[in-house]
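Text of structure_12.csv (CSV, C-alpha atoms) as supplied:
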```csv
chain,number,residue,atom,x,y,z
T,9,MET,CA,110.8,-201.7,84.6
T,10,SER,CA,111.4,-198.0,85.2
T,11,PRO,CA,108.6,-195.5,84.6
T,12,GLY,CA,110.2,-194.9,81.2
T,13,GLY,CA,109.5,-198.5,80.3
T,14,VAL,CA,105.9,-197.7,79.9
T,15,ILE,CA,106.8,-195.3,77.1
T,16,GLU,CA,109.1,-197.8,75.5
T,17,ALA,CA,106.4,-200.5,75.7
T,18,ALA,CA,103.8,-198.2,74.3
T,19,LEU,CA,105.9,-197.3,71.4
T,20,GLU,CA,105.7,-200.9,70.2
T,21,ARG,CA,101.9,-200.4,69.7
T,22,ARG,CA,100.8,-198.4,66.8
T,23,LYS,CA,97.4,-196.8,66.2
T,24,THR,CA,95.9,-195.2,63.1
T,25,LEU,CA,93.7,-192.2,63.5
T,26,VAL,CA,91.5,-191.2,60.5
T,27,HIS,CA,90.4,-187.6,60.6
T,28,TYR,CA,87.1,-187.0,58.8
T,29,ALA,CA,86.3,-183.4,58.1
T,30,PRO,CA,85.5,-181.0,55.2
T,31,ASP,CA,89.1,-179.9,55.3
T,32,PRO,CA,92.2,-181.0,57.2
T,33,GLY,CA,92.9,-177.7,59.0
T,34,ASP,CA,95.7,-177.9,61.5
T,35,PHE,CA,94.5,-181.1,63.1
T,36,SER,CA,97.6,-183.2,62.3
T,37,ASP,CA,99.8,-180.4,63.7
T,38,ARG,CA,97.9,-180.5,66.9
T,39,PHE,CA,97.7,-184.2,67.3
T,40,VAL,CA,101.4,-185.2,67.5
T,41,ALA,CA,102.1,-188.7,68.7
T,42,ARG,CA,105.2,-190.8,68.0
T,43,ASN,CA,103.3,-194.1,67.4
T,44,VAL,CA,100.1,-192.8,65.7
T,45,ASP,CA,99.6,-192.4,61.9
T,46,VAL,CA,97.1,-189.7,61.2
T,47,SER,CA,95.3,-189.7,57.8
T,48,PHE,CA,92.6,-187.5,56.4
T,49,ARG,CA,89.3,-188.3,54.6
T,50,GLU,CA,87.2,-185.4,53.2
T,51,LEU,CA,83.6,-185.2,54.2
T,52,PRO,CA,81.3,-183.7,51.6
T,53,PRO,CA,79.2,-180.7,52.7
T,54,GLY,CA,76.0,-181.4,54.7
T,55,GLY,CA,77.5,-184.1,56.8
T,56,PRO,CA,78.2,-184.7,60.5
T,57,GLY,CA,80.7,-182.6,62.4
T,58,PRO,CA,84.4,-183.4,62.1
T,59,PHE,CA,85.3,-186.6,63.9
T,60,VAL,CA,88.1,-189.2,64.2
T,61,ALA,CA,88.1,-193.0,64.0
T,62,VAL,CA,90.8,-194.8,66.0
T,63,ARG,CA,92.2,-198.2,64.9
T,64,ASP,CA,94.9,-200.5,66.1
T,65,ASP,CA,96.0,-204.0,65.2
T,66,ASP,CA,92.7,-205.4,66.4
T,67,GLY,CA,90.7,-203.0,64.2
T,68,PHE,CA,88.3,-200.3,65.0
T,69,GLN,CA,88.6,-199.0,68.6
T,70,GLY,CA,86.3,-196.1,68.7
T,71,ALA,CA,85.1,-192.8,67.2
T,72,VAL,CA,84.9,-189.5,68.8
T,73,SER,CA,84.1,-186.0,67.6
T,74,VAL,CA,87.0,-183.6,67.1
T,75,GLU,CA,85.1,-181.3,69.5
T,76,GLY,CA,85.2,-184.0,72.1
T,77,LEU,CA,88.8,-184.7,71.5
T,78,GLU,CA,89.5,-181.0,72.4
T,79,ASP,CA,89.0,-182.0,76.0
T,80,LEU,CA,92.1,-184.0,75.7
T,81,LEU,CA,94.2,-181.7,73.5
T,82,ALA,CA,93.3,-178.6,75.6
T,83,PRO,CA,91.6,-179.8,78.8
T,84,PRO,CA,90.0,-177.4,81.2
T,85,HIS,CA,92.1,-176.7,84.3
T,86,ALA,CA,91.4,-179.5,86.6
T,87,THR,CA,91.7,-179.0,90.4
T,88,ALA,CA,91.4,-181.4,93.2
T,89,PHE,CA,87.8,-182.3,94.1
T,90,ASP,CA,86.6,-180.5,91.1
T,91,HIS,CA,85.8,-183.3,88.8
T,92,ASP,CA,82.9,-181.4,87.3
T,93,SER,CA,85.3,-179.4,85.3
T,94,VAL,CA,86.5,-182.5,83.5
T,95,SER,CA,84.0,-183.7,80.9
T,96,PRO,CA,82.3,-187.1,81.6
T,97,THR,CA,83.8,-188.4,78.4
T,98,TYR,CA,87.4,-187.7,79.5
T,99,GLY,CA,87.8,-191.3,80.8
T,100,ALA,CA,86.5,-192.7,77.5
T,101,LEU,CA,88.9,-190.5,75.6
T,102,LEU,CA,91.8,-191.7,77.7
T,103,GLU,CA,90.8,-195.3,77.1
T,104,LEU,CA,90.5,-194.7,73.3
T,105,LEU,CA,94.1,-193.3,73.2
T,106,ASP,CA,95.9,-195.5,75.7
T,107,ASP,CA,99.4,-196.6,74.8
T,108,THR,CA,99.7,-193.5,72.6
T,109,VAL,CA,103.0,-191.7,73.1
T,110,PHE,CA,102.3,-188.0,72.9
T,111,ALA,CA,105.2,-186.0,71.8
T,112,SER,CA,104.3,-182.9,73.7
T,113,LEU,CA,102.0,-182.9,76.8
T,114,SER,CA,101.5,-179.8,79.0
T,115,ARG,CA,101.3,-179.9,82.8
T,116,ARG,CA,97.6,-179.1,82.3
T,117,GLN,CA,97.1,-182.2,80.3
T,118,LEU,CA,99.1,-184.3,82.7
T,119,LEU,CA,97.1,-182.9,85.7
T,120,ALA,CA,93.8,-183.7,84.0
T,121,THR,CA,94.9,-187.3,83.4
T,122,THR,CA,96.3,-187.6,86.9
T,123,ARG,CA,93.0,-186.4,88.4
T,124,GLU,CA,91.2,-189.0,86.3
T,125,PHE,CA,93.5,-191.8,87.6
T,126,GLU,CA,93.3,-190.6,91.2
T,127,ASP,CA,89.5,-190.7,90.8
T,128,ARG,CA,89.7,-194.2,89.4
T,129,ALA,CA,91.7,-195.3,92.5
T,130,TRP,CA,89.2,-193.5,94.7
T,131,ARG,CA,86.2,-195.3,93.1
T,132,ALA,CA,88.0,-198.6,93.3
T,133,GLY,CA,88.6,-198.0,97.1
T,134,ARG,CA,91.4,-200.6,97.4
T,135,GLY,CA,94.7,-201.5,95.8
T,136,ARG,CA,98.0,-199.7,95.7
T,137,LEU,CA,98.6,-196.2,94.3
T,138,HIS,CA,102.1,-194.8,93.7
T,139,VAL,CA,102.5,-191.3,92.6
T,140,GLY,CA,105.8,-189.4,91.9
T,141,PHE,CA,106.3,-185.8,92.6
T,142,GLN,CA,109.3,-183.6,91.6
T,143,THR,CA,109.2,-181.6,94.8
T,144,ALA,CA,107.2,-181.5,98.1
T,145,GLU,CA,105.8,-178.2,96.9
T,146,ALA,CA,104.2,-180.0,93.9
T,147,LEU,CA,102.2,-182.1,96.4
T,148,GLU,CA,100.9,-179.1,98.4
T,149,PRO,CA,97.8,-178.4,96.3
T,150,GLN,CA,97.0,-182.2,96.5
T,151,ARG,CA,97.6,-182.7,100.2
T,152,ALA,CA,93.9,-182.8,101.2
T,153,LEU,CA,93.1,-185.3,98.4
T,154,TYR,CA,95.9,-187.6,99.3
T,155,ARG,CA,95.0,-187.5,103.0
T,156,ARG,CA,91.4,-188.5,102.0
T,157,LEU,CA,92.7,-191.2,99.6
T,158,ALA,CA,94.8,-192.7,102.4
T,159,THR,CA,92.4,-192.4,105.3
T,160,GLU,CA,88.9,-192.8,103.8
T,161,THR,CA,89.6,-195.8,101.6
T,162,ASP,CA,91.5,-199.1,101.9
T,163,LEU,CA,94.0,-197.8,99.3
T,164,ASP,CA,97.7,-198.3,100.0
T,165,VAL,CA,99.0,-194.9,99.0
T,166,HIS,CA,102.7,-194.1,98.3
T,167,VAL,CA,104.2,-190.8,97.2
T,168,HIS,CA,107.7,-190.5,95.8
T,169,PHE,CA,110.0,-187.5,95.7
T,170,ALA,CA,113.3,-187.2,93.9
T,171,ASN,CA,114.3,-185.1,96.8
T,172,GLY,CA,111.8,-184.0,99.4
T,173,ASP,CA,109.7,-185.0,102.3
T,174,VAL,CA,106.3,-184.4,103.7
T,175,ASP,CA,104.3,-185.7,106.7
T,176,LEU,CA,100.9,-187.0,105.6
T,177,ASP,CA,98.5,-189.2,107.6
T,178,GLY,CA,98.4,-192.7,106.2
T,179,VAL,CA,100.6,-192.0,103.2
T,180,THR,CA,103.9,-193.8,102.8
T,181,VAL,CA,106.5,-191.3,101.7
T,182,HIS,CA,109.6,-192.2,99.8
T,183,GLY,CA,112.0,-189.2,100.1
T,184,ASP,CA,114.8,-190.0,97.7
T,185,SER,CA,113.1,-192.2,95.1
T,186,GLU,CA,115.3,-192.8,92.0
T,187,SER,CA,112.3,-193.5,89.8
T,188,THR,CA,111.0,-190.0,90.2
T,189,ALA,CA,113.9,-188.1,88.7
T,190,GLY,CA,112.7,-186.5,85.4
T,191,TYR,CA,109.4,-188.4,85.4
T,192,TRP,CA,105.8,-187.6,86.1
T,193,PHE,CA,104.2,-190.8,87.1
T,194,VAL,CA,101.0,-192.2,88.5
T,195,ALA,CA,100.4,-196.0,88.8
T,196,PHE,CA,97.5,-197.8,90.3
T,197,ASP,CA,97.0,-201.5,90.7
T,198,GLY,CA,93.5,-202.2,91.9
T,199,PRO,CA,90.6,-204.7,91.6
T,200,ASP,CA,89.1,-206.0,88.4
T,201,ASP,CA,90.3,-204.0,85.4
T,202,SER,CA,91.0,-200.8,87.2
T,203,GLN,CA,94.8,-200.8,86.7
T,204,CYS,CA,96.2,-197.7,85.0
T,205,ALA,CA,99.4,-195.8,84.8
T,206,LEU,CA,100.5,-192.5,83.4
T,207,VAL,CA,104.2,-191.8,82.7
T,208,ALA,CA,105.7,-188.7,81.3
T,209,GLU,CA,109.3,-187.6,80.9
T,210,GLN,CA,110.0,-184.0,81.2
T,211,ARG,CA,111.6,-182.4,78.1
T,212,GLY,CA,111.2,-178.7,78.9
T,213,GLU,CA,109.7,-176.2,81.3
T,214,ASP,CA,106.1,-177.2,80.4
T,215,ASP,CA,106.7,-179.9,77.9
T,216,TYR,CA,106.6,-183.7,78.5
T,217,GLU,CA,106.6,-186.8,76.3
T,218,GLY,CA,104.3,-189.4,77.8
T,219,ALA,CA,101.7,-192.1,77.6
T,220,TRP,CA,99.1,-193.8,79.7
T,221,THR,CA,98.2,-197.4,79.8
T,222,TYR,CA,95.5,-199.8,81.1
T,223,ASP,CA,97.7,-202.8,80.4
T,224,SER,CA,97.8,-204.6,83.8
T,225,ASP,CA,101.1,-206.3,83.2
T,226,LEU,CA,102.8,-203.0,82.4
T,227,VAL,CA,101.2,-201.4,85.4
T,228,VAL,CA,102.4,-204.1,87.7
T,229,ASP,CA,105.9,-204.1,86.2
T,230,VAL,CA,106.2,-200.4,86.8
T,231,LEU,CA,104.9,-200.7,90.3
T,232,ASP,CA,107.4,-203.5,91.2
T,233,ASP,CA,110.3,-201.4,89.9
T,234,VAL,CA,109.2,-198.2,91.6
T,235,THR,CA,108.7,-200.1,94.9
T,236,ALA,CA,112.2,-201.7,94.5
T,237,GLY,CA,113.8,-198.4,93.8
T,238,ALA,CA,112.1,-196.6,96.6
S,14,MET,CA,46.4,-181.6,55.1
S,15,TYR,CA,49.9,-180.9,56.3
S,16,LEU,CA,51.8,-177.7,55.9
S,17,VAL,CA,55.5,-178.1,55.7
S,18,THR,CA,57.8,-175.2,56.3
S,19,VAL,CA,60.8,-175.4,54.0
S,20,PRO,CA,64.0,-174.4,55.7
S,21,GLU,CA,66.0,-171.5,54.3
S,22,ALA,CA,68.8,-173.9,53.5
S,23,MET,CA,66.7,-175.6,50.9
S,24,GLY,CA,66.1,-172.4,48.9
S,25,GLY,CA,68.3,-170.6,46.5
S,26,ASP,CA,67.9,-170.1,42.8
S,27,ASP,CA,70.9,-172.2,41.9
S,28,SER,CA,69.6,-175.2,43.8
S,29,PRO,CA,68.9,-178.1,41.4
S,30,VAL,CA,66.3,-179.6,43.8
S,31,TYR,CA,63.5,-177.1,42.9
S,32,SER,CA,64.1,-176.8,39.2
S,33,LEU,CA,62.5,-179.4,37.0
S,34,PRO,CA,65.0,-181.4,35.1
S,35,ASP,CA,66.1,-179.9,31.8
S,36,ALA,CA,64.7,-181.8,28.8
S,37,GLU,CA,68.3,-182.7,28.0
S,38,ASP,CA,68.8,-184.4,31.4
S,39,TRP,CA,65.5,-186.2,31.3
S,40,ARG,CA,66.7,-189.4,29.7
S,41,PRO,CA,66.1,-192.1,32.3
S,42,SER,CA,66.6,-194.8,29.8
S,43,GLY,CA,67.7,-192.9,26.7
S,44,GLY,CA,70.4,-195.4,25.7
S,45,SER,CA,73.0,-193.8,27.9
S,46,GLU,CA,75.3,-195.8,30.2
S,47,ASP,CA,74.0,-193.9,33.1
S,48,VAL,CA,71.7,-195.7,35.5
S,49,ALA,CA,68.1,-194.7,36.0
S,50,PRO,CA,66.4,-197.2,38.3
S,51,PRO,CA,62.7,-198.0,38.3
S,52,PRO,CA,60.9,-195.5,40.6
S,53,ASP,CA,60.1,-198.1,43.3
S,54,ALA,CA,63.7,-199.2,43.5
S,55,LEU,CA,65.0,-195.6,43.6
S,56,PHE,CA,62.6,-194.4,46.2
S,57,GLY,CA,62.8,-197.6,48.2
S,58,ALA,CA,66.6,-197.1,48.3
S,59,LEU,CA,66.2,-193.5,49.5
S,60,ALA,CA,63.6,-194.4,52.1
S,61,ASP,CA,66.2,-195.1,54.7
S,62,ALA,CA,68.5,-192.6,56.5
S,63,THR,CA,71.5,-195.0,56.5
S,64,ARG,CA,71.3,-195.5,52.8
S,65,ARG,CA,70.9,-191.8,52.2
S,66,ARG,CA,74.1,-191.3,54.2
S,67,VAL,CA,76.0,-193.9,52.3
S,68,LEU,CA,74.9,-192.3,49.0
S,69,TRP,CA,75.8,-188.8,50.3
S,70,TYR,CA,79.3,-190.0,50.9
S,71,LEU,CA,79.8,-192.2,47.8
S,72,LEU,CA,78.6,-189.5,45.4
S,73,ASP,CA,81.6,-187.5,46.3
S,74,GLU,CA,84.1,-190.2,47.1
S,75,SER,CA,83.3,-192.5,44.2
S,76,SER,CA,84.4,-195.6,46.1
S,77,ALA,CA,84.9,-196.5,49.7
S,78,ALA,CA,85.8,-199.5,51.9
S,79,ILE,CA,83.0,-200.9,54.0
S,80,ASP,CA,85.0,-200.0,57.1
S,81,GLU,CA,85.2,-196.4,55.9
S,82,LEU,CA,81.4,-196.3,55.3
S,83,ALA,CA,80.9,-197.7,58.8
S,84,ASP,CA,83.2,-194.9,60.1
S,85,VAL,CA,81.0,-192.3,58.4
S,86,LEU,CA,77.8,-193.8,60.0
S,87,ALA,CA,79.6,-193.6,63.3
S,88,GLY,CA,80.4,-190.0,62.6
S,89,TRP,CA,76.7,-189.3,62.1
S,90,ARG,CA,75.9,-191.0,65.4
S,91,LEU,CA,78.4,-188.8,67.2
S,92,ASP,CA,75.8,-186.0,67.0
S,93,GLU,CA,73.8,-187.8,69.6
S,94,GLN,CA,76.4,-189.6,71.7
S,95,HIS,CA,80.0,-188.9,72.8
S,96,THR,CA,81.7,-192.0,71.4
S,97,VAL,CA,81.0,-195.0,69.2
S,98,ASP,CA,82.4,-198.3,70.4
S,99,PRO,CA,83.6,-201.3,68.4
S,100,ASP,CA,80.4,-203.3,68.9
S,101,GLU,CA,78.3,-200.5,67.4
S,102,HIS,CA,80.8,-200.1,64.5
S,103,ASP,CA,80.5,-203.9,63.9
S,104,SER,CA,76.7,-203.5,63.8
S,105,PHE,CA,77.1,-200.8,61.1
S,106,VAL,CA,79.4,-203.1,59.1
S,107,ALA,CA,76.9,-206.0,59.3
S,108,ALA,CA,73.9,-203.8,58.4
S,109,LEU,CA,75.8,-202.4,55.4
S,110,HIS,CA,76.9,-205.8,54.3
S,111,HIS,CA,73.6,-207.6,54.8
S,112,THR,CA,71.0,-205.0,54.1
S,113,HIS,CA,71.9,-201.6,52.9
S,114,LEU,CA,74.5,-202.2,50.2
S,115,PRO,CA,72.6,-205.1,48.6
S,116,VAL,CA,69.5,-202.8,48.4
S,117,LEU,CA,71.6,-200.0,46.9
S,118,ASN,CA,73.2,-202.5,44.6
S,119,ASP,CA,69.9,-204.0,43.5
S,120,ALA,CA,68.6,-200.5,42.7
S,121,GLY,CA,71.6,-199.9,40.6
S,122,LEU,CA,72.8,-197.0,42.6
S,123,VAL,CA,75.9,-198.6,44.0
S,124,ASP,CA,78.3,-201.2,42.7
S,125,TYR,CA,78.9,-203.7,45.5
S,126,ASP,CA,80.4,-207.0,45.2
S,127,ASP,CA,79.4,-209.4,47.9
S,128,ASP,CA,82.9,-210.7,48.3
S,129,GLY,CA,84.4,-207.2,47.9
S,130,ALA,CA,85.2,-204.9,50.8
S,131,THR,CA,84.4,-201.8,48.8
S,132,ALA,CA,81.4,-200.0,47.4
S,133,ALA,CA,81.2,-197.4,44.6
S,134,ALA,CA,78.6,-195.1,43.3
S,135,THR,CA,77.5,-196.0,39.8
S,136,PRO,CA,77.4,-193.3,37.1
S,137,LEU,CA,73.8,-192.0,37.5
S,138,ALA,CA,71.6,-190.3,35.0
S,139,PRO,CA,71.7,-186.6,35.9
S,140,VAL,CA,68.1,-186.5,37.0
S,141,VAL,CA,68.7,-189.5,39.2
S,142,GLU,CA,71.8,-187.9,40.8
S,143,ASP,CA,69.8,-184.7,41.4
S,144,THR,CA,67.1,-186.8,43.1
S,145,VAL,CA,69.6,-188.5,45.3
S,146,ARG,CA,71.3,-185.2,46.1
S,147,PHE,CA,67.9,-183.7,46.9
S,148,ALA,CA,67.2,-186.5,49.4
S,149,CYS,CA,70.5,-185.9,51.1
S,150,ALA,CA,70.0,-182.1,51.1
S,151,TYR,CA,66.6,-182.6,52.5
S,152,ASP,CA,68.0,-184.6,55.4
S,153,ALA,CA,70.7,-182.0,56.0
S,154,ALA,CA,68.2,-179.1,55.9
S,155,LEU,CA,65.7,-180.7,58.3
S,156,THR,CA,68.4,-181.7,60.8
S,157,GLY,CA,69.9,-178.2,60.8
S,158,ARG,CA,73.1,-178.9,58.9
S,159,ARG,CA,74.9,-176.8,56.4
```

Could you render the structure as structure tokens?
Amino acid sequence: MSPGGVIEAALERRKTLVHYAPDPGDFSDRFVARNVDVSFRELPPGGPGPFVAVRDDDGFQGAVSVEGLEDLLAPPHATAFDHDSVSPTYGALLELLDDTVFASLSRRQLLATTREFEDRAWRAGRGRLHVGFQTAEALEPQRALYRRLATETDLDVHVHFANGDVDLDGVTVHGDSESTAGYWFVAFDGPDDSQCALVAEQRGEDDYEGAWTYDSDLVVDVLDDVTAGA
Amino acid sequence: MYLVTVPEAMGGDDSPVYSLPDAEDWRPSGGSEDVAPPPDALFGALADATRRRVLWYLLDESSAAIDELADVLAGWRLDEQHTVDPDEHDSFVAALHHTHLPVLNDAGLVDYDDDGATAAATPLAPVVEDTVRFACAYDAALTGRR
């Protein structure tokens, strides 16, 4: 399965998001996903702050305030080793909205999610982590982090370039990986339930369609394919 | 003796909660179809935050699925925590089903069929509706809401 397979598989799964608020505002314009139905229920005055309830085929999955969801819709700029800038609920938000195919993600959103998954791999300390970069320059700001991931843990770290090369201690570099062309991807297969993958297809300068998943079968399929194509 | 400071939000001349009911409204059992429960049933029903929240929602929504009511209870909980998970939502559904909706049903404030998945506010005598709205407004005022 190519990275794009994650998006295709995610599209098979539908979620329903119920937006509770005094008025709908522009929420449904801001939350645009290909496989999520957004509906609205009016809250009378004097109630809790606006919130959303997320459901899928298995029923209720979680509720979060719209204020909390802002971290996902417009995340603070995340930089390497600066996890404090990402709210502690960011991981919970990602889990609530896994397998959701977002029609338009920015680099900032993808970076925040990538940081979260790199952190997940760091905490797991073992397993295999494959990350695709468009260019060697894109890896530059992350060099220190990837060196630490490779040398201070038992992780098997691979980076893929469509066209590029770098020299990084302990990191396996794939210089002309077919899988990387046009995709932003991070895939981690680790112990217990730590598997996760983010895949986004570039549509414009700062515009990606993408999804993330914690489905271990999907993650392993993507990793197998990425490894074979490397 | 206790001194209670009444928040600003409770004031206002147009607030029904401080005006005594008009003589016209004061017909708890004046032959109308509207429900006026016995005082102990009414105030017993209102003596619980979950039930006040259910009534607050149903008065404006007229009817709602149990799942929807559990969503609303989850929404209130989000003022104190970041997310509500499925286990907690299940516990809301169970408490609604086994405790709160039967109490509201017995008080005549809510129509709730044991087999049904929905609940609806019953048409209340104006003075009863004012009392219920007062209880909800009191909650809102004391917890700093608008």

- Item | Nearest to Asp73 (chain S) by atom-to-atom distance, counting all atoms listed in the file, from T:Pro52, T:Asp162, T:Thr24, T:Pro32 |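 Among the listed residues, T:Pro52 lies closest to Asp73 (chain S).
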
- Test item: residues at most 9 Å from Tyr98 (chain T), only C-alpha atoms, excluding those fewer than 3 positions along its chain, as a list of chain:residue names: T:Gly76, T:Leu77, T:Asp79, T:Leu80, T:Pro83, T:Val94, T:Ser95, T:Leu101, T:Leu102, T:Glu103, T:Ala120, T:Thr121, T:Glu124

- Task: At a cut-off of 9 Å, list the chain T residues touching chain S, using only C-alpha atoms, as a ChimeraX atom specification.
- Result: /T:28,50-61,67-73,76,97,100-101

- Item | Atomic separation - CA of Val67 (chain S) relative to CA of Leu82 (chain S), Å |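 Here the two named atoms are 6.6 Å from each other.
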
- Extract, using all atoms listed in the file, all DNA, RNA and protein residues at most 12 Å from Asp126 (chain S), discarding same-chain residues fewer than 5 positions from it, and format them as JSON, numbers by chain. {"S": [78, 79, 110, 111, 114, 115, 117, 118, 119, 131, 132, 133]}

- Message: Nearest residue to Asp214 (chain T) out of T:Val14, T:Leu231, T:Leu113, T:Val179, using only C-alpha atoms?
- Response: T:Leu113

- Task: Would you please work out which residue, of T:Asp107, T:Asp201, T:Ser185, T:Arg22, is nearest to Asp65 (chain T) when using all atoms listed in the file?
- Result: T:Arg22

- Would you please work out which residue, of T:Asp233, T:Glu186, T:Asp37, T:Glu20, is nearest to Ser112 (chain T) when using only C-alpha atoms? T:Asp37

- Query: So how many Å separate CA of Thr188 (chain T) and CA of His166 (chain T), to one decimal?
  - Reply: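 So the two atoms, CA of Thr188 (chain T) and CA of His166 (chain T), lie 12.3 Å apart.
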
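Note that the spacing between CA of Glu93 (chain S) and CA of Gly33 (chain T) amounts to 24.1 Å.
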
- Message: So, with all atoms listed in the file as the atoms that count, which of T:Arg21, T:Asp229, T:Ala82, T:Asp177 lies closest to Leu119 (chain T)?
- Response: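 For Leu119 (chain T), the nearest of the candidates is T:Ala82.
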
- For the point (103.0, -192.0, 65.0) in file coordinates, what residues are within 9 Å, counting only C-alpha atoms? Give the answer as an MDAnalysis selection string? chainID T and resid 19 22:24 40:46 108:110

- Task: With a distance cut-off of 10 Å and all atoms listed in the file, select the neighbouring residues of Thr143 (chain T), excluding the residue or stretch itself and same-chain residues fewer than 3 positions from it, and output the selection as a list of chain:residue names.
- Result: T:Gly140, T:Ala146, T:Leu147, T:Glu148, T:His168, T:Phe169, T:Ala170, T:Asn171, T:Gly172, T:Asp173, T:Val174, T:Gly183, T:Thr188

Non-local contacts of Ala138 (chain S) (7 Å; all atoms listed in the file; under 2 positions in same chain excluded) as an mmCIF file with C-alpha atoms, in the frame of the given file:
```cif
data_model
loop_
_atom_site.group_PDB
_atom_site.id
_atom_site.type_symbol
_atom_site.label_atom_id
_atom_site.label_comp_id
_atom_site.auth_asym_id
_atom_site.auth_seq_id
_atom_site.Cartn_x
_atom_site.Cartn_y
_atom_site.Cartn_z
ATOM 1 C CA PRO S 41 66.100 -192.100 32.300
ATOM 2 C CA ASP S 47 74.000 -193.900 33.100
ATOM 3 C CA VAL S 48 71.700 -195.700 35.500
ATOM 4 C CA ALA S 49 68.100 -194.700 36.000
ATOM 5 C CA PRO S 136 77.400 -193.300 37.100
ATOM 6 C CA VAL S 140 68.100 -186.500 37.000
ATOM 7 C CA VAL S 141 68.700 -189.500 39.200
ATOM 8 C CA GLU S 142 71.800 -187.900 40.800
#
```

- Task: For Thr180 (chain T), list every protein, DNA or RNA residue within 8 Å, evaluated using only C-alpha atoms, and leave out those in the same chain fewer than 4 positions away; present the list as a ChimeraX atom specification.
- Result: /T:165-167,176
